[in-house]
file data_28.cif (mmCIF, N, CA and C atoms)
data_my_file
#
loop_
_atom_site.group_PDB
_atom_site.id
_atom_site.type_symbol
_atom_site.label_atom_id
_atom_site.label_comp_id
_atom_site.auth_asym_id
_atom_site.auth_seq_id
_atom_site.Cartn_x
_atom_site.Cartn_y
_atom_site.Cartn_z
ATOM 1 N N MET O 9 1.250 23.882 74.487
ATOM 2 C CA MET O 9 2.453 23.245 74.002
ATOM 3 C C MET O 9 2.416 23.292 72.468
ATOM 4 N N PRO O 10 3.400 23.929 71.818
ATOM 5 C CA PRO O 10 3.398 24.017 70.362
ATOM 6 C C PRO O 10 3.606 22.652 69.708
ATOM 7 N N THR O 11 3.085 22.526 68.514
ATOM 8 C CA THR O 11 3.230 21.309 67.725
ATOM 9 C C THR O 11 3.875 21.661 66.399
ATOM 10 N N ILE O 12 4.859 20.890 66.014
ATOM 11 C CA ILE O 12 5.470 21.032 64.695
ATOM 12 C C ILE O 12 4.849 19.967 63.808
ATOM 13 N N VAL O 13 4.287 20.414 62.688
ATOM 14 C CA VAL O 13 3.630 19.517 61.737
ATOM 15 C C VAL O 13 4.534 19.361 60.518
ATOM 16 N N VAL O 14 4.791 18.120 60.136
ATOM 17 C CA VAL O 14 5.615 17.814 58.969
ATOM 18 C C VAL O 14 4.750 17.043 57.979
ATOM 19 N N ASP O 15 4.675 17.555 56.748
ATOM 20 C CA ASP O 15 3.954 16.863 55.677
ATOM 21 C C ASP O 15 4.963 16.295 54.693
ATOM 22 N N VAL O 16 4.817 15.011 54.384
ATOM 23 C CA VAL O 16 5.706 14.308 53.469
ATOM 24 C C VAL O 16 4.850 13.726 52.348
ATOM 25 N N MET O 17 5.302 13.927 51.103
ATOM 26 C CA MET O 17 4.574 13.420 49.944
ATOM 27 C C MET O 17 5.513 12.614 49.054
ATOM 28 N N PRO O 18 4.952 11.673 48.288
ATOM 29 C CA PRO O 18 5.793 10.973 47.311
ATOM 30 C C PRO O 18 6.327 11.984 46.294
ATOM 31 N N LYS O 19 7.523 11.751 45.797
ATOM 32 C CA LYS O 19 8.075 12.630 44.768
ATOM 33 C C LYS O 19 7.124 12.676 43.577
ATOM 34 N N ALA O 20 6.990 13.849 42.983
ATOM 35 C CA ALA O 20 6.025 14.054 41.896
ATOM 36 C C ALA O 20 6.277 13.129 40.713
ATOM 37 N N GLU O 21 7.538 12.800 40.453
ATOM 38 C CA GLU O 21 7.850 11.986 39.272
ATOM 39 C C GLU O 21 7.638 10.493 39.497
ATOM 40 N N LEU O 22 7.289 10.095 40.715
ATOM 41 C CA LEU O 22 7.083 8.683 41.015
ATOM 42 C C LEU O 22 5.607 8.315 41.054
ATOM 43 N N LEU O 23 5.323 7.102 40.665
ATOM 44 C CA LEU O 23 3.965 6.576 40.748
ATOM 45 C C LEU O 23 3.545 6.469 42.210
ATOM 46 N N ASP O 24 2.315 6.842 42.482
ATOM 47 C CA ASP O 24 1.750 6.717 43.827
ATOM 48 C C ASP O 24 0.623 5.686 43.743
ATOM 49 N N PRO O 25 0.934 4.392 43.966
ATOM 50 C CA PRO O 25 -0.086 3.355 43.790
ATOM 51 C C PRO O 25 -1.297 3.535 44.690
ATOM 52 N N GLN O 26 -1.080 3.995 45.911
ATOM 53 C CA GLN O 26 -2.201 4.205 46.831
ATOM 54 C C GLN O 26 -3.092 5.329 46.305
ATOM 55 N N GLY O 27 -2.490 6.412 45.850
ATOM 56 C CA GLY O 27 -3.260 7.509 45.278
ATOM 57 C C GLY O 27 -4.006 7.094 44.027
ATOM 58 N N LYS O 28 -3.361 6.278 43.193
ATOM 59 C CA LYS O 28 -4.014 5.782 41.971
ATOM 60 C C LYS O 28 -5.228 4.925 42.317
ATOM 61 N N ALA O 29 -5.095 4.078 43.343
ATOM 62 C CA ALA O 29 -6.216 3.237 43.765
ATOM 63 C C ALA O 29 -7.375 4.096 44.269
ATOM 64 N N VAL O 30 -7.069 5.133 45.034
ATOM 65 C CA VAL O 30 -8.118 6.020 45.546
ATOM 66 C C VAL O 30 -8.772 6.779 44.394
ATOM 67 N N THR O 31 -7.976 7.232 43.429
ATOM 68 C CA THR O 31 -8.535 7.925 42.258
ATOM 69 C C THR O 31 -9.542 7.020 41.552
ATOM 70 N N GLY O 32 -9.175 5.754 41.354
ATOM 71 C CA GLY O 32 -10.082 4.808 40.705
ATOM 72 C C GLY O 32 -11.342 4.575 41.522
ATOM 73 N N SER O 33 -11.196 4.459 42.827
ATOM 74 C CA SER O 33 -12.357 4.256 43.704
ATOM 75 C C SER O 33 -13.289 5.455 43.676
ATOM 76 N N LEU O 34 -12.720 6.649 43.695
ATOM 77 C CA LEU O 34 -13.560 7.850 43.641
ATOM 78 C C LEU O 34 -14.375 7.877 42.347
ATOM 79 N N ASP O 35 -13.736 7.512 41.246
ATOM 80 C CA ASP O 35 -14.442 7.489 39.963
ATOM 81 C C ASP O 35 -15.587 6.472 39.988
ATOM 82 N N ARG O 36 -15.312 5.288 40.518
ATOM 83 C CA ARG O 36 -16.348 4.247 40.586
ATOM 84 C C ARG O 36 -17.492 4.645 41.512
ATOM 85 N N LEU O 37 -17.204 5.477 42.502
ATOM 86 C CA LEU O 37 -18.237 5.919 43.447
ATOM 87 C C LEU O 37 -18.958 7.186 42.991
ATOM 88 N N GLY O 38 -18.670 7.617 41.768
ATOM 89 C CA GLY O 38 -19.364 8.778 41.227
ATOM 90 C C GLY O 38 -18.710 10.116 41.539
ATOM 91 N N HIS O 39 -17.467 10.090 41.940
ATOM 92 C CA HIS O 39 -16.742 11.323 42.252
ATOM 93 C C HIS O 39 -15.580 11.506 41.278
ATOM 94 N N GLY O 40 -15.857 11.315 40.006
ATOM 95 C CA GLY O 40 -14.828 11.325 38.972
ATOM 96 C C GLY O 40 -14.192 12.676 38.709
ATOM 97 N N ARG O 41 -14.754 13.732 39.262
ATOM 98 C CA ARG O 41 -14.136 15.052 39.031
ATOM 99 C C ARG O 41 -12.804 15.195 39.764
ATOM 100 N N PHE O 42 -12.517 14.319 40.742
ATOM 101 C CA PHE O 42 -11.250 14.376 41.465
ATOM 102 C C PHE O 42 -10.248 13.449 40.779
ATOM 103 N N GLN O 43 -9.167 14.013 40.312
ATOM 104 C CA GLN O 43 -8.168 13.260 39.552
ATOM 105 C C GLN O 43 -6.799 13.357 40.209
ATOM 106 N N ASN O 44 -5.933 12.441 39.842
ATOM 107 C CA ASN O 44 -4.530 12.471 40.262
ATOM 108 C C ASN O 44 -4.364 12.619 41.776
ATOM 109 N N VAL O 45 -5.082 11.812 42.529
ATOM 110 C CA VAL O 45 -4.964 11.817 43.986
ATOM 111 C C VAL O 45 -3.561 11.333 44.359
ATOM 112 N N ARG O 46 -2.924 12.017 45.292
ATOM 113 C CA ARG O 46 -1.632 11.598 45.825
ATOM 114 C C ARG O 46 -1.761 11.528 47.349
ATOM 115 N N ILE O 47 -1.235 10.468 47.916
ATOM 116 C CA ILE O 47 -1.385 10.244 49.347
ATOM 117 C C ILE O 47 -0.018 10.345 50.006
ATOM 118 N N GLY O 48 0.052 11.146 51.051
ATOM 119 C CA GLY O 48 1.295 11.324 51.790
ATOM 120 C C GLY O 48 1.080 11.015 53.254
ATOM 121 N N LYS O 49 1.920 11.609 54.072
ATOM 122 C CA LYS O 49 1.775 11.400 55.512
ATOM 123 C C LYS O 49 2.005 12.714 56.242
ATOM 124 N N ARG O 50 1.383 12.803 57.388
ATOM 125 C CA ARG O 50 1.496 13.973 58.266
ATOM 126 C C ARG O 50 2.019 13.477 59.600
ATOM 127 N N VAL O 51 3.048 14.147 60.102
ATOM 128 C CA VAL O 51 3.638 13.787 61.380
ATOM 129 C C VAL O 51 3.543 15.010 62.289
ATOM 130 N N GLU O 52 3.078 14.814 63.514
ATOM 131 C CA GLU O 52 2.986 15.904 64.488
ATOM 132 C C GLU O 52 3.915 15.607 65.656
ATOM 133 N N MET O 53 4.712 16.620 66.026
ATOM 134 C CA MET O 53 5.651 16.486 67.143
ATOM 135 C C MET O 53 5.448 17.673 68.074
ATOM 136 N N THR O 54 5.156 17.405 69.340
ATOM 137 C CA THR O 54 4.999 18.509 70.290
ATOM 138 C C THR O 54 6.359 18.893 70.861
ATOM 139 N N VAL O 55 6.449 20.157 71.256
ATOM 140 C CA VAL O 55 7.690 20.708 71.790
ATOM 141 C C VAL O 55 7.354 21.476 73.058
ATOM 142 N N GLU O 56 8.157 21.278 74.090
ATOM 143 C CA GLU O 56 7.976 22.069 75.311
ATOM 144 C C GLU O 56 8.648 23.411 75.128
ATOM 145 N N GLY O 57 7.964 24.466 75.531
ATOM 146 C CA GLY O 57 8.542 25.805 75.433
ATOM 147 C C GLY O 57 8.375 26.401 74.051
ATOM 148 N N GLU O 58 9.113 27.467 73.820
ATOM 149 C CA GLU O 58 9.028 28.214 72.565
ATOM 150 C C GLU O 58 9.761 27.483 71.444
ATOM 151 N N VAL O 59 9.207 27.558 70.235
ATOM 152 C CA VAL O 59 9.859 26.977 69.071
ATOM 153 C C VAL O 59 10.813 28.021 68.496
ATOM 154 N N THR O 60 12.088 27.764 68.643
ATOM 155 C CA THR O 60 13.116 28.686 68.160
ATOM 156 C C THR O 60 13.579 28.262 66.762
ATOM 157 N N ASP O 61 14.392 29.098 66.145
ATOM 158 C CA ASP O 61 14.974 28.749 64.841
ATOM 159 C C ASP O 61 15.813 27.479 64.947
ATOM 160 N N GLU O 62 16.485 27.305 66.084
ATOM 161 C CA GLU O 62 17.295 26.102 66.294
ATOM 162 C C GLU O 62 16.421 24.846 66.330
ATOM 163 N N ILE O 63 15.295 24.930 67.005
ATOM 164 C CA ILE O 63 14.375 23.782 67.070
ATOM 165 C C ILE O 63 13.789 23.498 65.695
ATOM 166 N N LEU O 64 13.434 24.544 64.944
ATOM 167 C CA LEU O 64 12.918 24.328 63.586
ATOM 168 C C LEU O 64 13.973 23.684 62.694
ATOM 169 N N ALA O 65 15.223 24.095 62.838
ATOM 170 C CA ALA O 65 16.304 23.492 62.054
ATOM 171 C C ALA O 65 16.463 22.017 62.405
ATOM 172 N N GLU O 66 16.344 21.709 63.695
ATOM 173 C CA GLU O 66 16.431 20.310 64.123
ATOM 174 C C GLU O 66 15.250 19.508 63.582
ATOM 175 N N ALA O 67 14.059 20.100 63.591
ATOM 176 C CA ALA O 67 12.871 19.434 63.042
ATOM 177 C C ALA O 67 13.059 19.150 61.558
ATOM 178 N N LYS O 68 13.668 20.085 60.834
ATOM 179 C CA LYS O 68 13.937 19.893 59.402
ATOM 180 C C LYS O 68 14.902 18.728 59.210
ATOM 181 N N THR O 69 15.936 18.661 60.048
ATOM 182 C CA THR O 69 16.888 17.547 59.975
ATOM 183 C C THR O 69 16.187 16.218 60.243
ATOM 184 N N VAL O 70 15.359 16.185 61.281
ATOM 185 C CA VAL O 70 14.612 14.969 61.612
ATOM 186 C C VAL O 70 13.691 14.581 60.453
ATOM 187 N N ALA O 71 13.021 15.566 59.880
ATOM 188 C CA ALA O 71 12.110 15.297 58.761
ATOM 189 C C ALA O 71 12.870 14.698 57.578
ATOM 190 N N ASP O 72 14.030 15.271 57.268
ATOM 191 C CA ASP O 72 14.814 14.806 56.124
ATOM 192 C C ASP O 72 15.472 13.449 56.363
ATOM 193 N N GLU O 73 15.939 13.224 57.589
ATOM 194 C CA GLU O 73 16.734 12.019 57.857
ATOM 195 C C GLU O 73 15.946 10.853 58.437
ATOM 196 N N VAL O 74 14.822 11.146 59.107
ATOM 197 C CA VAL O 74 14.105 10.074 59.813
ATOM 198 C C VAL O 74 12.679 9.895 59.291
ATOM 199 N N LEU O 75 11.963 10.986 59.105
ATOM 200 C CA LEU O 75 10.537 10.897 58.784
ATOM 201 C C LEU O 75 10.248 10.659 57.308
ATOM 202 N N SER O 76 11.227 10.888 56.454
ATOM 203 C CA SER O 76 11.004 10.700 55.020
ATOM 204 C C SER O 76 12.125 9.861 54.419
ATOM 205 N N ASN O 77 11.819 9.243 53.316
ATOM 206 C CA ASN O 77 12.805 8.506 52.532
ATOM 207 C C ASN O 77 13.140 9.399 51.339
ATOM 208 N N SER O 78 14.300 10.034 51.364
ATOM 209 C CA SER O 78 14.641 11.036 50.359
ATOM 210 C C SER O 78 14.715 10.491 48.936
ATOM 211 N N VAL O 79 14.778 9.180 48.779
ATOM 212 C CA VAL O 79 14.800 8.585 47.445
ATOM 213 C C VAL O 79 13.425 8.692 46.793
ATOM 214 N N ILE O 80 12.368 8.532 47.594
ATOM 215 C CA ILE O 80 11.023 8.483 47.012
ATOM 216 C C ILE O 80 10.063 9.546 47.552
ATOM 217 N N GLU O 81 10.487 10.319 48.570
ATOM 218 C CA GLU O 81 9.579 11.281 49.191
ATOM 219 C C GLU O 81 10.235 12.657 49.322
ATOM 220 N N ASP O 82 9.385 13.675 49.366
ATOM 221 C CA ASP O 82 9.816 15.045 49.636
ATOM 222 C C ASP O 82 9.116 15.549 50.890
ATOM 223 N N VAL O 83 9.851 16.267 51.719
ATOM 224 C CA VAL O 83 9.239 16.998 52.832
ATOM 225 C C VAL O 83 8.673 18.273 52.202
ATOM 226 N N VAL O 84 7.353 18.417 52.210
ATOM 227 C CA VAL O 84 6.743 19.539 51.501
ATOM 228 C C VAL O 84 6.359 20.695 52.413
ATOM 229 N N ARG O 85 6.307 20.442 53.727
ATOM 230 C CA ARG O 85 5.935 21.529 54.633
ATOM 231 C C ARG O 85 6.348 21.175 56.056
ATOM 232 N N ILE O 86 6.858 22.172 56.741
ATOM 233 C CA ILE O 86 7.082 22.098 58.182
ATOM 234 C C ILE O 86 6.454 23.363 58.753
ATOM 235 N N GLU O 87 5.496 23.168 59.668
ATOM 236 C CA GLU O 87 4.730 24.301 60.185
ATOM 237 C C GLU O 87 4.567 24.153 61.695
ATOM 238 N N VAL O 88 4.560 25.276 62.374
ATOM 239 C CA VAL O 88 4.319 25.281 63.812
ATOM 240 C C VAL O 88 2.879 25.682 64.048
ATOM 241 N N VAL O 89 2.160 24.888 64.828
ATOM 242 C CA VAL O 89 0.798 25.230 65.229
ATOM 243 C C VAL O 89 0.756 25.299 66.740
ATOM 244 N N GLU O 90 0.034 26.258 67.233
ATOM 245 C CA GLU O 90 -0.056 26.459 68.694
ATOM 246 C C GLU O 90 -1.211 25.670 69.263
#

call {"tool": "encode", "arguments": {"input": "data_28.cif", "output": "structure tokens"}}
result
Amino acid sequence: MPTIVVDVMPKAELLDPQGKAVTGSLDRLGHGRFQNVRIGKRVEMTVEGEVTDEILAEAKTVADEVLSNSVIEDVVRIEVVE
């Protein structure tokens, strides 16, 4: 059964408080080489049958209208995994 994976990230121009907190924690734990951590979300949706262009278009609509808040987030990737 194929899975459609949607990755959503905070808009680049917005502060990511969760990412900032993780960046600070990494530095305190001795992993200071990692900077500007940004935290997003990954959503997986399974589909019965073949993933057609129509299904991908519907997944894009769902990602834009339901899975993300377009004011503060961008859908950065939609991918099909088998």

call {"tool": "residues_near_point", "arguments": {"input": "data_28.cif", "point": "(4.6, 19.1, 60.5)", "cutoff": "6.5 Å", "atoms": "all atoms listed in the file", "output": "number ranges by chain"}}
result
O: 11-15, 50-53, 85-88

call {"tool": "closest_residue", "arguments": {"input": "data_28.cif", "among": "O:Val45, O:Val59, O:Val84, O:Ala65", "to": "O:Ala29", "atoms": "all atoms listed in the file"}}
result
O:Val45

call {"tool": "residues_around", "arguments": {"input": "data_28.cif", "residues": "O:Lys28", "least_positions_apart": "2", "cutoff": "7 Å", "atoms": "all atoms listed in the file", "output": "ChimeraX atom specification"}}
result
/O:23-26,30-33,44-47

call {"tool": "atom_distance", "arguments": {"input": "data_28.cif", "atom1": "atom N of O:Leu64", "atom2": "atom C of O:Ala20"}}
result
27.7 Å

call {"tool": "atom_distance", "arguments": {"input": "data_28.cif", "atom1": "atom CA of O:Ala71", "atom2": "atom CA of O:Val55"}}
result
14.8 Å

call {"tool": "atom_distance", "arguments": {"input": "data_28.cif", "atom1": "atom N of O:Leu37", "atom2": "atom CA of O:Val16"}}
result
26.9 Å

call {"tool": "select_by_dssp", "arguments": {"input": "data_28.cif", "residues": "stretch 11-86 of chain O", "states": "strand (DSSP E)", "output": "ChimeraX atom specification"}}
result
/O:11-18,49-54,81-86
